[in-house]
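Visitor: This is model-v4.pdb, which holds PDB, C-alpha atoms, pLDDT in the B column:
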```pdb
ATOM      1  CA  MET A   1     104.784  76.613 114.691  1.00 52.00           C
ATOM      2  CA  ALA A   2     101.778  78.823 115.466  1.00 63.00           C
ATOM      3  CA  ASN A   3     103.803  80.773 118.053  1.00 70.00           C
ATOM      4  CA  LEU A   4     106.484  81.473 115.463  1.00 67.00           C
ATOM      5  CA  SER A   5     103.879  82.753 112.980  1.00 76.00           C
ATOM      6  CA  VAL A   6     102.389  85.092 115.581  1.00 83.00           C
ATOM      7  CA  PHE A   7     105.917  86.275 116.448  1.00 83.00           C
ATOM      8  CA  TYR A   8     106.670  87.129 112.805  1.00 83.00           C
ATOM      9  CA  ILE A   9     103.323  88.892 112.383  1.00 87.00           C
ATOM     10  CA  ILE A  10     103.986  91.090 115.418  1.00 92.00           C
ATOM     11  CA  ILE A  11     107.571  91.854 114.357  1.00 91.00           C
ATOM     12  CA  ASP A  12     106.464  92.553 110.771  1.00 91.00           C
ATOM     13  CA  VAL A  13     103.778  94.986 111.931  1.00 94.00           C
ATOM     14  CA  LEU A  14     106.285  96.788 114.186  1.00 94.00           C
ATOM     15  CA  LEU A  15     108.901  96.997 111.418  1.00 93.00           C
ATOM     16  CA  PHE A  16     106.299  98.242 108.944  1.00 94.00           C
ATOM     17  CA  ALA A  17     105.156 100.953 111.371  1.00 94.00           C
ATOM     18  CA  TYR A  18     108.762 101.982 111.986  1.00 92.00           C
ATOM     19  CA  ALA A  19     109.445 102.059 108.225  1.00 92.00           C
ATOM     20  CA  CYS A  20     106.442 104.347 107.698  1.00 93.00           C
ATOM     21  CA  TYR A  21     107.562 106.628 110.548  1.00 91.00           C
ATOM     22  CA  SER A  22     111.118 106.839 109.184  1.00 90.00           C
ATOM     23  CA  TRP A  23     109.905 107.314 105.631  1.00 92.00           C
ATOM     24  CA  PHE A  24     107.684 110.210 106.727  1.00 93.00           C
ATOM     25  CA  TRP A  25     110.600 112.055 108.343  1.00 91.00           C
ATOM     26  CA  GLN A  26     112.954 111.226 105.491  1.00 89.00           C
ATOM     27  CA  ALA A  27     110.452 112.755 103.046  1.00 91.00           C
ATOM     28  CA  ASN A  28     110.278 115.998 105.063  1.00 91.00           C
ATOM     29  CA  ILE A  29     114.008 116.747 105.094  1.00 93.00           C
ATOM     30  CA  ASP A  30     114.886 120.320 104.023  1.00 91.00           C
ATOM     31  CA  LEU A  31     118.652 119.857 103.937  1.00 93.00           C
ATOM     32  CA  LYS A  32     119.756 116.295 103.238  1.00 94.00           C
ATOM     33  CA  GLY A  33     122.900 114.893 104.782  1.00 94.00           C
ATOM     34  CA  LYS A  34     125.192 112.365 103.159  1.00 94.00           C
ATOM     35  CA  TYR A  35     123.696 108.911 102.918  1.00 93.00           C
ATOM     36  CA  ARG A  36     125.062 106.479 105.529  1.00 91.00           C
ATOM     37  CA  LEU A  37     125.841 103.172 103.834  1.00 92.00           C
ATOM     38  CA  SER A  38     126.749 101.616 107.168  1.00 91.00           C
ATOM     39  CA  SER A  39     123.076 100.982 107.936  1.00 91.00           C
ATOM     40  CA  ILE A  40     122.788  98.661 104.928  1.00 93.00           C
ATOM     41  CA  VAL A  41     126.161  97.026 105.573  1.00 95.00           C
ATOM     42  CA  TRP A  42     125.253  96.209 109.192  1.00 93.00           C
ATOM     43  CA  ALA A  43     121.869  94.832 108.141  1.00 94.00           C
ATOM     44  CA  ILE A  44     123.490  92.497 105.623  1.00 95.00           C
ATOM     45  CA  ILE A  45     126.049  91.380 108.226  1.00 96.00           C
ATOM     46  CA  PHE A  46     123.293  90.650 110.777  1.00 94.00           C
ATOM     47  CA  ILE A  47     121.264  88.690 108.223  1.00 93.00           C
ATOM     48  CA  TRP A  48     124.328  86.734 107.121  1.00 94.00           C
ATOM     49  CA  LEU A  49     125.258  85.930 110.740  1.00 95.00           C
ATOM     50  CA  GLY A  50     121.658  84.885 111.402  1.00 91.00           C
ATOM     51  CA  PHE A  51     121.840  82.316 108.606  1.00 90.00           C
ATOM     52  CA  VAL A  52     125.383  81.157 109.442  1.00 92.00           C
ATOM     53  CA  TRP A  53     124.627  80.669 113.145  1.00 93.00           C
ATOM     54  CA  ASN A  54     121.229  79.071 112.357  1.00 86.00           C
ATOM     55  CA  TYR A  55     119.163  81.738 114.118  1.00 83.00           C
ATOM     56  CA  ILE A  56     117.311  82.244 110.837  1.00 81.00           C
ATOM     57  CA  GLU A  57     116.166  79.255 108.811  1.00 78.00           C
ATOM     58  CA  LYS A  58     115.013  79.433 105.212  1.00 78.00           C
ATOM     59  CA  GLY A  59     111.857  77.432 105.900  1.00 74.00           C
ATOM     60  CA  ASP A  60     110.492  79.678 108.668  1.00 71.00           C
ATOM     61  CA  PRO A  61     107.052  81.038 107.808  1.00 69.00           C
ATOM     62  CA  GLY A  62     107.130  84.811 107.507  1.00 78.00           C
ATOM     63  CA  ILE A  63     110.913  85.074 107.199  1.00 84.00           C
ATOM     64  CA  ASN A  64     110.764  86.574 103.693  1.00 87.00           C
ATOM     65  CA  ILE A  65     108.542  89.468 104.785  1.00 90.00           C
ATOM     66  CA  PHE A  66     110.646  90.021 107.904  1.00 90.00           C
ATOM     67  CA  LEU A  67     113.903  90.162 105.912  1.00 92.00           C
ATOM     68  CA  ALA A  68     112.383  92.456 103.273  1.00 93.00           C
ATOM     69  CA  LEU A  69     111.106  94.862 105.943  1.00 94.00           C
ATOM     70  CA  PHE A  70     114.417  94.717 107.820  1.00 94.00           C
ATOM     71  CA  LEU A  71     116.306  95.654 104.635  1.00 95.00           C
ATOM     72  CA  LEU A  72     113.760  98.384 103.809  1.00 94.00           C
ATOM     73  CA  VAL A  73     114.168  99.911 107.275  1.00 93.00           C
ATOM     74  CA  SER A  74     117.951  99.751 106.869  1.00 93.00           C
ATOM     75  CA  ILE A  75     117.796 101.522 103.500  1.00 93.00           C
ATOM     76  CA  ILE A  76     115.507 104.265 104.817  1.00 92.00           C
ATOM     77  CA  ASP A  77     117.623 104.645 107.954  1.00 91.00           C
ATOM     78  CA  GLY A  78     120.611 105.879 105.938  1.00 91.00           C
ATOM     79  CA  PHE A  79     118.931 109.216 105.133  1.00 93.00           C
ATOM     80  CA  THR A  80     119.703 112.089 107.526  1.00 94.00           C
ATOM     81  CA  GLY A  81     119.245 115.844 107.589  1.00 95.00           C
ATOM     82  CA  PHE A  82     117.175 118.714 108.919  1.00 95.00           C
ATOM     83  CA  ALA A  83     113.378 118.623 108.682  1.00 94.00           C
ATOM     84  CA  PRO A  84     111.159 121.590 109.627  1.00 91.00           C
ATOM     85  CA  LYS A  85     110.355 120.312 113.133  1.00 91.00           C
ATOM     86  CA  ARG A  86     113.125 117.802 113.906  1.00 94.00           C
ATOM     87  CA  ALA A  87     116.627 116.711 112.997  1.00 94.00           C
ATOM     88  CA  VAL A  88     116.604 113.301 111.315  1.00 95.00           C
ATOM     89  CA  VAL A  89     119.472 111.085 112.459  1.00 93.00           C
ATOM     90  CA  SER A  90     120.510 107.568 111.563  1.00 87.00           C
ATOM     91  CA  GLY A  91     119.598 105.055 114.232  1.00 79.00           C
ATOM     92  CA  TYR A  92     117.151 102.297 114.969  1.00 74.00           C
ATOM     93  CA  PHE A  93     116.251 103.467 118.465  1.00 75.00           C
ATOM     94  CA  LYS A  94     116.273 107.243 118.010  1.00 82.00           C
ATOM     95  CA  ARG A  95     115.304 108.383 114.499  1.00 84.00           C
ATOM     96  CA  THR A  96     114.526 112.052 115.136  1.00 93.00           C
ATOM     97  CA  ILE A  97     115.555 114.730 117.607  1.00 94.00           C
ATOM     98  CA  ARG A  98     113.310 117.651 118.460  1.00 93.00           C
ATOM     99  CA  TYR A  99     115.071 120.955 118.028  1.00 93.00           C
ATOM    100  CA  SER A 100     114.047 121.848 121.566  1.00 92.00           C
ATOM    101  CA  GLU A 101     116.223 118.954 122.820  1.00 93.00           C
ATOM    102  CA  ILE A 102     119.359 120.332 121.131  1.00 93.00           C
ATOM    103  CA  ASN A 103     121.700 122.203 123.446  1.00 92.00           C
ATOM    104  CA  MET A 104     124.640 122.923 121.141  1.00 94.00           C
ATOM    105  CA  VAL A 105     125.619 122.475 117.494  1.00 95.00           C
ATOM    106  CA  THR A 106     129.221 122.057 116.361  1.00 96.00           C
ATOM    107  CA  LEU A 107     130.003 122.355 112.664  1.00 96.00           C
ATOM    108  CA  ILE A 108     133.390 121.052 111.535  1.00 95.00           C
ATOM    109  CA  ASN A 109     134.636 122.004 108.096  1.00 93.00           C
ATOM    110  CA  VAL A 110     136.451 118.941 106.734  1.00 91.00           C
ATOM    111  CA  PRO A 111     139.098 119.779 104.124  1.00 87.00           C
ATOM    112  CA  ASN A 112     138.305 118.017 100.882  1.00 83.00           C
ATOM    113  CA  PRO A 113     139.818 119.238  97.599  1.00 84.00           C
ATOM    114  CA  LYS A 114     137.044 117.734  95.458  1.00 87.00           C
ATOM    115  CA  LYS A 115     133.901 118.993  97.217  1.00 89.00           C
ATOM    116  CA  GLU A 116     132.721 120.651 100.388  1.00 89.00           C
ATOM    117  CA  SER A 117     132.254 118.440 103.426  1.00 92.00           C
ATOM    118  CA  VAL A 118     130.936 119.402 106.849  1.00 95.00           C
ATOM    119  CA  VAL A 119     130.396 117.274 109.956  1.00 95.00           C
ATOM    120  CA  CYS A 120     127.577 118.459 112.213  1.00 96.00           C
ATOM    121  CA  LEU A 121     127.522 117.361 115.865  1.00 96.00           C
ATOM    122  CA  LEU A 122     124.250 117.803 117.720  1.00 95.00           C
ATOM    123  CA  LYS A 123     124.545 117.760 121.502  1.00 95.00           C
ATOM    124  CA  THR A 124     121.291 117.287 123.426  1.00 93.00           C
ATOM    125  CA  ASN A 125     120.160 118.382 126.872  1.00 92.00           C
ATOM    126  CA  LYS A 126     120.692 114.781 128.048  1.00 93.00           C
ATOM    127  CA  ASN A 127     124.383 114.980 127.033  1.00 92.00           C
ATOM    128  CA  LYS A 128     123.990 112.675 124.019  1.00 93.00           C
ATOM    129  CA  GLN A 129     125.638 113.463 120.709  1.00 94.00           C
ATOM    130  CA  TYR A 130     124.503 112.692 117.188  1.00 93.00           C
ATOM    131  CA  TYR A 131     126.425 113.419 114.037  1.00 91.00           C
ATOM    132  CA  LEU A 132     125.413 114.159 110.493  1.00 95.00           C
ATOM    133  CA  ARG A 133     127.571 114.751 107.429  1.00 95.00           C
ATOM    134  CA  PHE A 134     126.775 117.223 104.689  1.00 96.00           C
ATOM    135  CA  ALA A 135     128.192 117.880 101.214  1.00 93.00           C
ATOM    136  CA  CYS A 136     127.549 121.615 101.288  1.00 92.00           C
ATOM    137  CA  GLY A 137     129.013 124.761 102.806  1.00 90.00           C
ATOM    138  CA  ILE A 138     128.795 125.798 106.440  1.00 93.00           C
ATOM    139  CA  SER A 139     126.845 128.943 105.529  1.00 92.00           C
ATOM    140  CA  GLN A 140     124.013 126.866 104.031  1.00 94.00           C
ATOM    141  CA  ILE A 141     123.844 124.664 107.141  1.00 94.00           C
ATOM    142  CA  VAL A 142     123.855 127.682 109.481  1.00 93.00           C
ATOM    143  CA  ALA A 143     121.029 129.282 107.484  1.00 92.00           C
ATOM    144  CA  ILE A 144     118.865 126.152 107.804  1.00 93.00           C
ATOM    145  CA  LEU A 145     119.736 125.787 111.496  1.00 91.00           C
ATOM    146  CA  LYS A 146     118.801 129.385 112.269  1.00 90.00           C
ATOM    147  CA  LYS A 147     115.472 128.797 110.554  1.00 90.00           C
ATOM    148  CA  HIS A 148     114.692 125.755 112.724  1.00 88.00           C
ATOM    149  CA  VAL A 149     116.455 125.936 116.103  1.00 86.00           C
ATOM    150  CA  HIS A 150     115.941 128.378 118.950  1.00 78.00           C
ATOM    151  CA  HIS A 151     118.106 131.494 118.924  1.00 77.00           C
ATOM    152  CA  ASN A 152     119.682 130.651 122.289  1.00 83.00           C
ATOM    153  CA  ILE A 153     121.353 127.479 120.971  1.00 88.00           C
ATOM    154  CA  LYS A 154     125.089 127.888 120.557  1.00 90.00           C
ATOM    155  CA  ILE A 155     126.439 127.141 117.077  1.00 92.00           C
ATOM    156  CA  GLU A 156     130.199 126.564 117.091  1.00 94.00           C
ATOM    157  CA  ILE A 157     132.224 126.436 113.876  1.00 93.00           C
ATOM    158  CA  GLN A 158     135.565 124.622 113.721  1.00 91.00           C
ATOM    159  CA  ASN A 159     138.070 123.771 111.014  1.00 84.00           C
ATOM    160  CA  LEU A 160     140.250 120.699 110.756  1.00 75.00           C
ATOM    161  CA  MET A 161     143.796 122.029 110.291  1.00 67.00           C
TER     162      MET A 161
END
```
The structure given in the file should be rewritten as structure tokens.
Guide:
Amino acid sequence: MANLSVFYIIIDVLLFAYACYSWFWQANIDLKGKYRLSSIVWAIIFIWLGFVWNYIEKGDPGINIFLALFLLVSIIDGFTGFAPKRAVVSGYFKRTIRYSEINMVTLINVPNPKKESVVCLLKTNKNKQYYLRFACGISQIVAILKKHVHHNIKIEIQNLM
């Protein structure tokens, strides 16, 4: 029982630190992307599966704090956008990307009769891609990008259709 308590204390401290880190970057976003509900949906599915498969028991000491922090991290993780020093992406293992790591940006104008919608693909030097969605025009995104990224980064604009 003591080992389980120490485990939850360590995990809770790590989740709290990660929540603070993510919250800091989320608060510094200049241009906010669309909120990603999938982070909350996946968290609820994982919690539900944990209870159904008996990996999580209601009587475990520290489980309430762990679940609250896990849900808090999942809520914060849905916010994406461009901060002054980094791009904020949705992900548990990679929350921010330095602009110096970005190799190419592809902006895709998605036709939507009700409101503007743009998908932004960020390709890094390590050949990884991250995507963000925005509910604004391409010109606004390009203006923010030019303010933050290096001038030698290629910005490609595409249209669906």
Visitor: In Å to one decimal, how far is CA of Arg86 (chain A) from CA of Tyr99 (chain A)?
Guide: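 About the pair CA of Tyr99 (chain A) and CA of Arg86 (chain A): they are 5.5 Å apart.
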Visitor: Check the smallest atom-to-atom distance from each of A:His151, A:Phe16, A:Gln158, A:Ala143 to Phe82 (chain A) using all atoms listed in the file, then report the winner.
Guide: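 Result for the nearest residue to Phe82 (chain A): A:Ala143.
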Visitor: With only C-alpha atoms counted and 8 Å as the cut-off, give the residues of region 11-35 of chain A in contact with region 74-80 of chain A, each with its shortest interatomic distance in Å and the pair that gives it, as a tab-separated table.
Guide:
```
residue	atom	partner	partner_atom	distance
A:Ala19	CA	A:Ile76	CA	7.3
A:Ser22	CA	A:Ile76	CA	6.7
A:Trp23	CA	A:Ile76	CA	6.4
A:Gln26	CA	A:Phe79	CA	6.3
A:Ile29	CA	A:Thr80	CA	7.7
A:Lys32	CA	A:Thr80	CA	6.0
A:Gly33	CA	A:Thr80	CA	5.1
A:Lys34	CA	A:Thr80	CA	7.0
A:Tyr35	CA	A:Phe79	CA	5.3
```
Visitor: Calculated over only C-alpha atoms, which of the candidates A:Ser90, A:Asn64, A:Asn54, A:Ser100 has the smallest distance to Lys123 (chain A)?
Guide: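 For Lys123 (chain A), the nearest of the given residues is A:Ser100.
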Visitor: Just checking: using all atoms listed in the file, which residue out of A:Ile155, A:Leu72, A:Leu31, A:Leu67 ends up closest to Leu132 (chain A)?
Guide: A:Leu31
Visitor: Using only C-alpha atoms, which residues sit within 10 Å of Gln129 (chain A) once same-chain residues fewer than 4 positions away are excluded, as a short mmCIF file (atom, residue, chain, number, x, y, z; two decimals) with C-alpha atoms, keeping the file's coordinate frame?
Guide:
```
data_model
loop_
_atom_site.label_atom_id
_atom_site.label_comp_id
_atom_site.auth_asym_id
_atom_site.auth_seq_id
_atom_site.Cartn_x
_atom_site.Cartn_y
_atom_site.Cartn_z
CA ILE A 102 119.36 120.33 121.13
CA ASN A 103 121.70 122.20 123.45
CA MET A 104 124.64 122.92 121.14
CA VAL A 105 125.62 122.48 117.49
CA LEU A 121 127.52 117.36 115.86
CA LEU A 122 124.25 117.80 117.72
CA LYS A 123 124.54 117.76 121.50
CA THR A 124 121.29 117.29 123.43
CA ASN A 125 120.16 118.38 126.87
#
```
Visitor: I'd like to see the residues matched by the PyMOL selection byres ((chain A and resi 66) around 12) on this file, and ideally I'd get them as JSON, numbers by chain.
Guide: {"A": [5, 7, 8, 9, 10, 11, 12, 13, 14, 15, 16, 47, 56, 58, 60, 61, 62, 63, 64, 65, 67, 68, 69, 70, 71, 72, 73]}
Visitor: Compare A:Trp25, A:Tyr131, A:Tyr55, A:Tyr18 by their minimum atom-to-atom distance to Pro84 (chain A), counting all atoms listed in the file, and give me the closest one.
Guide: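 Closest residue, counting all atoms listed in the file: A:Trp25.
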Visitor: Measure the distance from CA of Asn112 (chain A) to CA of Val88 (chain A) in Å and round it to one decimal.
Guide: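 Between these atoms lies a distance of 24.5 Å.
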Visitor: May I ask for the distance between CA of Pro113 (chain A) and CA of Ser139 (chain A), given in Å to one decimal place?
Guide: 18.0 Å
Visitor: Between A:Ile153, A:Ser117, A:Pro111, A:Asn159, which has the minimum distance to Gln140 (chain A) (counting all atoms listed in the file)?
Guide: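 Between A:Ile153, A:Ser117, A:Pro111, A:Asn159, the residue approaching Gln140 (chain A) most closely is A:Ser117.
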Visitor: At a cut-off of 7 Å, using all atoms listed in the file, what residues contact Ile108 (chain A)? Leave out same-chain residues fewer than 6 positions from it and give the result as a PyMOL selection string.
Guide: chain A and resi 118-120+157-160
Visitor: Keeping only C-alpha atoms, write those residues as a tab-separated table (two decimals), in the coordinates of the input.
Guide:
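As a result, selection_2.tsv now contains:
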```
chain	number	residue	atom	x	y	z
A	118	VAL	CA	130.94	119.40	106.85
A	119	VAL	CA	130.40	117.27	109.96
A	120	CYS	CA	127.58	118.46	112.21
A	157	ILE	CA	132.22	126.44	113.88
A	158	GLN	CA	135.56	124.62	113.72
A	159	ASN	CA	138.07	123.77	111.01
A	160	LEU	CA	140.25	120.70	110.76
```
Visitor: Taking all atoms listed in the file into account, name the residue in A:Ala83, A:Phe93, A:Lys115, A:Ile45 that is nearest to Cys136 (chain A).
Guide: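 Going through A:Ala83, A:Phe93, A:Lys115, A:Ile45 one by one, the smallest distance to Cys136 (chain A) is for A:Lys115.
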Visitor: Would you mind writing region 79-96 of chain A with N, CA and C atoms, as a JSON list (two decimals), in the coordinates of the input?
Guide:
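The resulting file, rebuild-v5.json, is reproduced below:
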```json
[["chain", "number", "residue", "atom", "x", "y", "z"],
["A", 79, "PHE", "N", 119.19, 107.82, 105.46],
["A", 79, "PHE", "CA", 118.93, 109.22, 105.13],
["A", 79, "PHE", "C", 118.91, 110.06, 106.40],
["A", 80, "THR", "N", 119.65, 111.17, 106.39],
["A", 80, "THR", "CA", 119.70, 112.09, 107.53],
["A", 80, "THR", "C", 119.54, 113.52, 107.02],
["A", 81, "GLY", "N", 119.34, 114.44, 107.97],
["A", 81, "GLY", "CA", 119.24, 115.84, 107.59],
["A", 81, "GLY", "C", 118.39, 116.63, 108.55],
["A", 82, "PHE", "N", 117.99, 117.82, 108.11],
["A", 82, "PHE", "CA", 117.18, 118.71, 108.92],
["A", 82, "PHE", "C", 115.79, 118.86, 108.31],
["A", 83, "ALA", "N", 114.78, 118.46, 109.07],
["A", 83, "ALA", "CA", 113.38, 118.62, 108.68],
["A", 83, "ALA", "C", 112.85, 119.88, 109.38],
["A", 84, "PRO", "N", 111.67, 120.36, 109.01],
["A", 84, "PRO", "CA", 111.16, 121.59, 109.63],
["A", 84, "PRO", "C", 111.00, 121.52, 111.15],
["A", 85, "LYS", "N", 110.61, 120.37, 111.70],
["A", 85, "LYS", "CA", 110.36, 120.31, 113.13],
["A", 85, "LYS", "C", 111.37, 119.49, 113.92],
["A", 86, "ARG", "N", 112.18, 118.68, 113.22],
["A", 86, "ARG", "CA", 113.12, 117.80, 113.91],
["A", 86, "ARG", "C", 114.36, 117.56, 113.04],
["A", 87, "ALA", "N", 115.44, 117.18, 113.71],
["A", 87, "ALA", "CA", 116.63, 116.71, 113.00],
["A", 87, "ALA", "C", 116.47, 115.20, 112.82],
["A", 88, "VAL", "N", 116.74, 114.72, 111.63],
["A", 88, "VAL", "CA", 116.60, 113.30, 111.32],
["A", 88, "VAL", "C", 118.00, 112.69, 111.37],
["A", 89, "VAL", "N", 118.17, 111.73, 112.28],
["A", 89, "VAL", "CA", 119.47, 111.08, 112.46],
["A", 89, "VAL", "C", 119.36, 109.61, 112.07],
["A", 90, "SER", "N", 120.49, 108.97, 111.93],
["A", 90, "SER", "CA", 120.51, 107.57, 111.56],
["A", 90, "SER", "C", 120.60, 106.73, 112.82],
["A", 91, "GLY", "N", 119.59, 105.92, 113.06],
["A", 91, "GLY", "CA", 119.60, 105.06, 114.23],
["A", 91, "GLY", "C", 118.28, 104.33, 114.38],
["A", 92, "TYR", "N", 118.36, 103.09, 114.83],
["A", 92, "TYR", "CA", 117.15, 102.30, 114.97],
["A", 92, "TYR", "C", 116.33, 102.70, 116.19],
["A", 93, "PHE", "N", 116.96, 103.19, 117.22],
["A", 93, "PHE", "CA", 116.25, 103.47, 118.46],
["A", 93, "PHE", "C", 115.90, 104.94, 118.64],
["A", 94, "LYS", "N", 116.57, 105.81, 117.94],
["A", 94, "LYS", "CA", 116.27, 107.24, 118.01],
["A", 94, "LYS", "C", 116.41, 107.78, 116.60],
["A", 95, "ARG", "N", 115.30, 107.97, 115.91],
["A", 95, "ARG", "CA", 115.30, 108.38, 114.50],
["A", 95, "ARG", "C", 115.29, 109.89, 114.33],
["A", 96, "THR", "N", 114.61, 110.60, 115.24],
["A", 96, "THR", "CA", 114.53, 112.05, 115.14],
["A", 96, "THR", "C", 114.84, 112.69, 116.48]]
```
